[in-house]
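Undergrad: Handing over start35.txt, compact mmCIF, C-alpha atoms (C1' of nucleotides).
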```
# COMPACT_ATOMS: atom_id res chain seq x y z
CA MET A 194 143.37 26.61 91.75
CA ARG A 195 146.24 28.33 90.01
CA ILE A 196 149.66 28.82 91.60
CA ALA A 197 152.59 30.45 89.82
CA SER A 198 156.22 31.19 90.54
CA TRP A 199 158.39 33.93 89.07
CA ASN A 200 161.90 35.14 89.84
CA VAL A 201 161.48 38.84 89.06
CA ASN A 202 165.09 40.04 89.55
CA SER A 203 164.02 43.19 91.47
CA ILE A 204 160.38 43.80 92.38
CA LYS A 205 161.03 47.52 92.14
CA VAL A 206 161.89 47.27 88.44
CA ARG A 207 159.31 44.55 87.64
CA ASN A 208 156.38 45.90 89.68
CA GLY A 209 154.44 46.86 86.55
CA HIS A 210 155.09 43.54 84.80
CA VAL A 211 153.94 41.61 87.86
CA GLN A 212 150.73 43.64 88.17
CA ASP A 213 149.96 43.16 84.48
CA TRP A 214 150.59 39.42 84.78
CA LEU A 215 148.32 39.10 87.82
CA GLN A 216 145.50 40.89 86.03
CA LYS A 217 145.86 38.69 82.98
CA HIS A 218 146.21 35.25 84.59
CA LYS A 219 144.46 35.80 87.93
CA PRO A 220 146.40 33.15 89.87
CA ASP A 221 145.23 32.29 93.37
CA PHE A 222 148.87 32.46 94.47
CA LEU A 223 152.02 33.95 92.98
CA MET A 224 155.40 33.15 94.49
CA LEU A 225 158.08 35.74 93.75
CA GLN A 226 161.84 35.47 94.20
CA GLU A 227 164.75 37.92 94.07
CA LEU A 228 162.87 40.94 95.36
CA LYS A 229 166.28 42.56 95.82
CA GLY A 230 165.54 45.22 98.40
CA MET A 231 163.67 46.29 101.50
CA ASP A 232 160.81 48.10 99.77
CA PHE A 233 158.05 45.63 98.94
CA PRO A 234 155.08 47.37 97.23
CA GLU A 235 152.36 45.53 99.12
CA GLU A 236 149.88 48.39 98.76
CA ASP A 237 150.15 48.22 94.96
CA PHE A 238 149.16 44.56 95.04
CA ARG A 239 146.45 45.06 97.62
CA ALA A 240 144.93 47.68 95.31
CA ILE A 241 144.47 45.05 92.59
CA GLY A 242 143.14 42.36 94.89
CA TYR A 243 146.20 40.58 96.25
CA GLY A 244 147.48 40.25 99.78
CA SER A 245 151.04 39.20 100.49
CA HIS A 246 153.48 37.66 102.89
CA TYR A 247 157.15 38.33 102.32
CA VAL A 248 160.64 38.19 103.77
CA ASN A 249 163.32 40.47 102.40
CA GLN A 250 166.75 41.93 103.00
CA LYS A 251 168.90 44.75 101.68
CA ALA A 252 169.95 44.51 98.03
CA ARG A 253 169.73 40.75 97.54
CA ASN A 254 167.46 37.69 97.70
CA GLY A 255 163.97 38.15 99.16
CA VAL A 256 160.79 36.10 98.50
CA ALA A 257 157.10 36.98 98.57
CA THR A 258 153.92 34.98 98.14
CA LEU A 259 150.90 36.91 96.88
CA TYR A 260 147.39 35.54 97.38
CA LYS A 261 143.95 36.58 96.19
CA SER A 262 142.34 38.83 98.79
CA GLU A 263 139.40 36.44 99.09
CA TRP A 264 141.78 33.92 100.68
CA HIS A 265 142.94 36.33 103.35
CA ASP A 266 141.36 34.43 106.25
CA ASP A 267 142.57 31.05 104.93
CA VAL A 268 146.25 31.93 104.55
CA LYS A 269 148.55 31.59 107.54
CA MET A 270 152.24 32.37 107.75
CA VAL A 271 154.12 29.30 108.98
CA SER A 272 157.77 30.31 108.70
CA ASP A 273 160.08 32.73 106.91
CA LYS A 274 163.18 30.68 107.71
CA LEU A 275 164.37 27.26 106.65
CA ALA A 276 165.28 25.32 109.79
CA GLY A 277 168.73 23.87 110.33
CA ASP A 278 171.05 26.88 110.51
CA ASP A 279 170.28 29.64 113.02
CA GLY A 280 173.10 31.75 111.61
CA ASP A 281 171.57 31.88 108.12
CA GLU A 282 170.15 35.39 107.61
CA GLU A 283 169.44 35.13 103.89
CA ALA A 284 165.82 35.74 102.84
CA ARG A 285 165.16 32.65 100.74
CA TYR A 286 162.29 30.71 102.30
CA LEU A 287 158.62 31.32 102.97
CA GLU A 288 156.19 28.67 104.14
CA LEU A 289 152.46 29.34 104.22
CA ALA A 290 149.46 27.20 105.12
CA PHE A 291 146.35 27.49 102.96
CA LYS A 292 143.39 25.39 104.11
CA ASP A 293 144.76 21.82 104.04
CA ILE A 294 147.77 22.50 101.84
CA THR A 295 151.24 23.86 102.64
CA LEU A 296 152.80 26.24 100.12
CA ILE A 297 156.57 26.66 100.25
CA ASN A 298 158.30 29.38 98.24
CA ILE A 299 162.08 29.09 97.84
CA TYR A 300 165.00 30.91 96.30
CA LEU A 301 167.61 28.18 96.49
CA PRO A 302 171.21 29.47 96.59
CA ASN A 303 173.02 29.65 93.27
CA GLY A 304 176.27 28.20 94.63
CA ASN A 305 178.77 29.65 92.18
CA PRO A 306 181.70 29.93 92.16
CA VAL A 307 182.01 26.33 93.36
CA ASP A 308 185.48 26.77 94.85
CA THR A 309 184.15 29.30 97.38
CA GLU A 310 182.02 28.94 100.52
CA LYS A 311 178.97 29.56 98.31
CA TYR A 312 178.84 25.99 97.05
CA PRO A 313 178.91 24.23 100.42
CA TYR A 314 176.25 26.74 101.55
CA LYS A 315 174.04 25.64 98.64
CA LEU A 316 174.50 21.94 99.39
CA LYS A 317 173.83 22.51 103.09
CA TRP A 318 170.70 24.49 102.19
CA MET A 319 169.49 21.60 100.02
CA GLU A 320 170.12 19.18 102.88
CA ARG A 321 168.09 21.45 105.18
CA LEU A 322 165.28 21.48 102.60
CA TYR A 323 165.49 17.68 102.41
CA THR A 324 164.99 17.53 106.18
CA ARG A 325 161.93 19.80 106.00
CA VAL A 326 160.41 17.72 103.19
CA LYS A 327 161.16 14.51 105.06
CA ASP A 328 159.32 15.85 108.12
CA LEU A 329 156.32 16.93 106.04
CA ARG A 330 156.21 13.52 104.33
CA LYS A 331 155.80 11.89 107.75
CA THR A 332 152.44 13.64 107.96
CA SER A 333 149.54 13.09 105.59
CA GLN A 334 149.23 16.69 104.51
CA SER A 335 149.48 17.95 100.95
CA PHE A 336 152.32 20.31 100.20
CA LEU A 337 154.25 21.77 97.33
CA ILE A 338 157.47 23.68 96.83
CA GLY A 339 157.68 26.34 94.15
CA GLY A 340 160.46 28.69 93.25
CA ASP A 341 163.87 29.23 91.76
CA PHE A 342 165.73 26.03 92.59
CA ASN A 343 168.93 26.95 90.76
CA VAL A 344 169.08 23.30 89.68
CA ILE A 345 169.14 22.15 86.05
CA PRO A 346 167.65 18.66 86.51
CA ALA A 347 168.85 16.96 83.32
CA ASN A 348 170.61 17.41 79.97
CA ASP A 349 167.29 18.17 78.26
CA ASP A 350 166.84 21.14 80.58
CA CYS A 351 169.67 23.18 79.11
CA HIS A 352 170.77 24.31 75.71
CA ASP A 353 174.34 23.03 75.96
CA PRO A 354 174.96 20.44 78.70
CA GLN A 355 178.71 20.45 78.06
CA ALA A 356 178.87 24.13 78.93
CA TRP A 357 177.30 23.47 82.34
CA LEU A 358 179.58 20.69 83.50
CA GLY A 359 181.19 21.75 86.74
CA ASP A 360 178.68 24.54 87.34
CA ALA A 361 176.90 24.70 90.71
CA LEU A 362 173.52 24.30 88.94
CA PHE A 363 174.55 21.06 87.26
CA ARG A 364 177.27 19.36 89.30
CA PRO A 365 176.83 15.73 90.36
CA GLU A 366 176.65 16.77 94.03
CA THR A 367 173.82 19.18 93.16
CA HIS A 368 171.96 16.50 91.22
CA ALA A 369 172.41 14.06 94.09
CA ALA A 370 171.00 16.53 96.62
CA TYR A 371 168.04 17.29 94.30
CA ARG A 372 167.38 13.61 93.62
CA LYS A 373 167.43 12.91 97.34
CA ILE A 374 164.50 15.32 97.75
CA LEU A 375 162.63 13.80 94.79
CA ASN A 376 163.20 10.33 96.24
CA LEU A 377 161.12 11.26 99.27
CA GLY A 378 158.19 10.94 96.86
CA MET A 379 158.11 14.41 95.34
CA CYS A 380 157.51 14.93 91.65
CA ASP A 381 158.63 17.59 89.21
CA ALA A 382 155.25 18.94 88.10
CA PHE A 383 156.46 20.17 84.73
CA ARG A 384 157.69 16.69 83.75
CA VAL A 385 154.52 14.81 84.74
CA ASN A 386 152.98 15.21 81.29
CA ASN A 387 155.73 16.85 79.29
CA ASN A 388 158.98 15.40 77.97
CA GLN A 389 159.67 18.28 75.61
CA ALA A 390 163.34 19.26 75.67
CA GLN A 391 164.43 22.90 75.50
CA SER A 392 161.60 24.10 77.73
CA TYR A 393 163.24 26.83 79.73
CA THR A 394 162.44 29.30 82.51
CA PHE A 395 165.64 31.38 82.39
CA TRP A 396 167.61 33.02 79.60
CA ASP A 397 170.70 35.08 80.33
CA TYR A 398 170.60 38.78 79.47
CA GLN A 399 173.87 38.36 77.62
CA ALA A 400 174.99 37.04 74.27
CA GLY A 401 171.51 36.95 72.73
CA ALA A 402 170.55 33.99 74.91
CA TRP A 403 166.80 34.70 74.58
CA GLN A 404 166.96 35.13 70.80
CA ARG A 405 168.95 31.87 70.45
CA ASN A 406 166.78 30.03 73.00
CA ALA A 407 169.95 29.30 74.94
CA GLY A 408 168.16 28.86 78.25
CA ILE A 409 167.91 26.62 81.27
CA ARG A 410 164.98 25.16 83.24
CA ILE A 411 165.64 26.01 86.88
CA ASP A 412 162.27 27.23 88.22
CA HIS A 413 160.19 24.30 89.41
CA PHE A 414 157.20 23.02 91.32
CA LEU A 415 157.78 19.89 93.36
CA LEU A 416 154.58 18.18 94.52
CA SER A 417 153.85 15.80 97.37
CA PRO A 418 151.97 12.66 96.22
CA SER A 419 148.52 13.92 97.21
CA CYS A 420 149.25 17.23 95.48
CA ALA A 421 150.39 15.42 92.36
CA ASP A 422 147.04 13.60 92.31
CA MET A 423 145.33 17.00 92.09
CA MET A 424 147.44 18.32 89.23
CA ASP A 425 145.64 19.55 86.13
CA GLY A 426 148.66 20.98 84.37
CA CYS A 427 151.97 22.76 84.62
CA TRP A 428 153.27 25.15 81.99
CA ILE A 429 155.81 27.86 81.36
CA ASP A 430 154.59 31.30 80.27
CA LYS A 431 157.31 32.66 78.01
CA GLU A 432 155.50 35.91 77.26
CA PRO A 433 156.96 38.10 80.01
CA ARG A 434 160.52 37.29 78.93
CA ALA A 435 159.87 39.11 75.65
CA LEU A 436 158.74 42.38 77.31
CA GLU A 437 160.79 45.56 77.59
CA LYS A 438 163.08 45.49 80.64
CA PRO A 439 162.21 41.84 81.42
CA SER A 440 163.35 39.67 84.26
CA ASP A 441 165.82 37.03 83.07
CA HIS A 442 163.33 34.42 84.38
CA THR A 443 159.77 33.81 83.20
CA PRO A 444 156.81 32.44 85.21
CA ILE A 445 156.01 28.76 85.68
CA VAL A 446 152.33 28.02 86.36
CA LEU A 447 150.70 25.13 88.18
CA ASP A 448 147.00 24.31 87.90
CA LEU A 449 145.47 22.12 90.58
CA ALA A 450 141.98 20.65 90.74
CA ALA A 451 139.78 22.09 93.50
C1' DA B 265 185.13 34.76 77.16
C1' DT B 266 187.80 36.21 81.78
C1' DG B 267 179.70 37.11 82.33
C1' DG B 268 179.51 39.73 76.44
C1' DC B 269 173.92 42.46 80.72
C1' DT B 270 171.17 43.99 84.74
C1' DT B 271 170.48 45.36 89.43
C1' DT B 272 171.67 47.23 94.00
C1' DA B 273 174.05 50.26 96.97
C1' DT B 274 176.80 53.34 96.90
C1' DG B 275 180.26 55.62 94.20
C1' DC B 276 182.63 57.74 90.60
C1' DT B 277 183.22 51.05 91.05
C1' DA B 278 182.17 46.48 93.11
C1' DA B 279 179.44 42.48 93.96
C1' DA B 280 176.11 39.24 92.62
C1' DG B 281 173.57 36.67 89.57
C1' DA B 282 173.53 31.71 86.56
```
Mind turning the file's structure into structure tokens?

TA:
Amino acid sequence: MRIASWNVNSIKVRNGHVQDWLQKHKPDFLMLQELKGMDFPEEDFRAIGYGSHYVNQKARNGVATLYKSEWHDDVKMVSDKLAGDDGDEEARYLELAFKDITLINIYLPNGNPVDTEKYPYKLKWMERLYTRVKDLRKTSQSFLIGGDFNVIPANDDCHDPQAWLGDALFRPETHAAYRKILNLGMCDAFRVNNNQAQSYTFWDYQAGAWQRNAGIRIDHFLLSPSCADMMDGCWIDKEPRALEKPSDHTPIVLDLAA
DNA sequence: ATGGCTTTATGCTAAAGA
């Protein structure tokens, strides 16, 4: 089974890229983030064999999980909200059930600038995610979280660690909140069999970041223990970042046995 | 570099992203 995640930075602009990628890699599931608008082209995906669940809002955020049409009867929507803050209207969370596995798609808040309310919102959001993971870990079910975490886990995951000190993606409080989730028994799929530094999922549009490989690794799959046991591989597909009018992120792909 | 691009929603610029 193949599951991928891709922050597309506007599904309207990247619709063609996403369709091409689906046809080439034929994932069972594709989690998308930053849809950036109310118009989700579900008919376009249905026409090439993918159903979808999504939650969106005007102009910003928005997440969708596409699934192969053959799985239609096996996919159930669980929630399009992360519990813990009834006043949170941002479209950043989508939880689906597929057979005996739970698939969670997230667009974790960026949190910059850190001296505004955005940073406490990010930390609170991470605490809410911790609570959800903790609850799922009390059960025996397999689950995974994919998406744009807006967390640079370690020095090896960015081009210039010094430049990120103090940033919401790299601050000690962010690392502590991320580690707290990992310490529930979750593992970073990409790092299971890969210690290669400078493996990135995002390159800024500015300052020739792509050409200089000045990127960051912020799109992740976190696996519950039973999911980790099923892992065949996890890899980053850099190809779409080199296309015309690319997203600033590129897909991360997870292959599971069964 | 004070975001050096890109996108949205509107507007003739601002806000957000990371």

Undergrad: For segment 265-276 of chain B, please output as an MDAnalysis selection string all residues within 12 Å (counting all atoms listed in the file; exclusion window: fewer than 3 positions along the same chain).

TA: (chainID A and resid 201:207 227:231 250:254 396:402 438:441) or (chainID B and resid 279:282)

Undergrad: Output C-alpha atoms (C1' of nucleotides) for every residue in that selection, as a short mmCIF file (atom, residue, chain, number, x, y, z; two decimals), in the coordinates of the input.

TA:
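again13.cif was written with the following content:
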```
data_model
loop_
_atom_site.label_atom_id
_atom_site.label_comp_id
_atom_site.auth_asym_id
_atom_site.auth_seq_id
_atom_site.Cartn_x
_atom_site.Cartn_y
_atom_site.Cartn_z
CA VAL A 201 161.48 38.84 89.06
CA ASN A 202 165.09 40.04 89.55
CA SER A 203 164.02 43.19 91.47
CA ILE A 204 160.38 43.80 92.38
CA LYS A 205 161.03 47.52 92.14
CA VAL A 206 161.89 47.27 88.44
CA ARG A 207 159.31 44.55 87.64
CA GLU A 227 164.75 37.92 94.07
CA LEU A 228 162.87 40.94 95.36
CA LYS A 229 166.28 42.56 95.82
CA GLY A 230 165.54 45.22 98.40
CA MET A 231 163.67 46.29 101.50
CA GLN A 250 166.75 41.93 103.00
CA LYS A 251 168.90 44.75 101.68
CA ALA A 252 169.95 44.51 98.03
CA ARG A 253 169.73 40.75 97.54
CA ASN A 254 167.46 37.69 97.70
CA TRP A 396 167.61 33.02 79.60
CA ASP A 397 170.70 35.08 80.33
CA TYR A 398 170.60 38.78 79.47
CA GLN A 399 173.87 38.36 77.62
CA ALA A 400 174.99 37.04 74.27
CA GLY A 401 171.51 36.95 72.73
CA ALA A 402 170.55 33.99 74.91
CA LYS A 438 163.08 45.49 80.64
CA PRO A 439 162.21 41.84 81.42
CA SER A 440 163.35 39.67 84.26
CA ASP A 441 165.82 37.03 83.07
"C1'" DA B 279 179.44 42.48 93.96
"C1'" DA B 280 176.11 39.24 92.62
"C1'" DG B 281 173.57 36.67 89.57
"C1'" DA B 282 173.53 31.71 86.56
#
```

Undergrad: Find the distance between atom CA of Ala407 of chain A and atom CA of Asp213 of chain A and write it in Å to one decimal.

TA: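 Going from atom CA of Ala407 of chain A over to atom CA of Asp213 of chain A covers 26.1 Å.
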
Undergrad: For atom CA of Ala361 of chain A and atom CA of Glu320 of chain A, quote the distance in Å rounded to one decimal.

TA: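 Answer for the atom CA of Ala361 of chain A to atom CA of Glu320 of chain A separation: 15.0 Å.
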
Undergrad: If I take atom CA of Glu432 of chain A and atom CA of Lys261 of chain A, how far is one from the other in Å, to one decimal?

TA: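 About the pair atom CA of Glu432 of chain A and atom CA of Lys261 of chain A: they are 22.2 Å apart.
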
Undergrad: Looking at A:Asn298, A:Ser245, A:Asn376, A:Ser392, which one is nearest to Gly339 of chain A, with distances taken over all atoms listed in the file?

TA: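 Selected residue with least distance to Gly339 of chain A: A:Asn298.
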
Undergrad: First collect every listed atom of segment 265-269 of chain B; then fit an axis-aligned box around them, widen it by 6 Å on each side, and give centre and edge lengths in Å to one decimal, as lines of an AutoDock Vina configuration file.

TA:
```
center_x = 180.9
center_y = 38.6
center_z = 79.4
size_x = 25.9
size_y = 19.7
size_z = 17.9
```
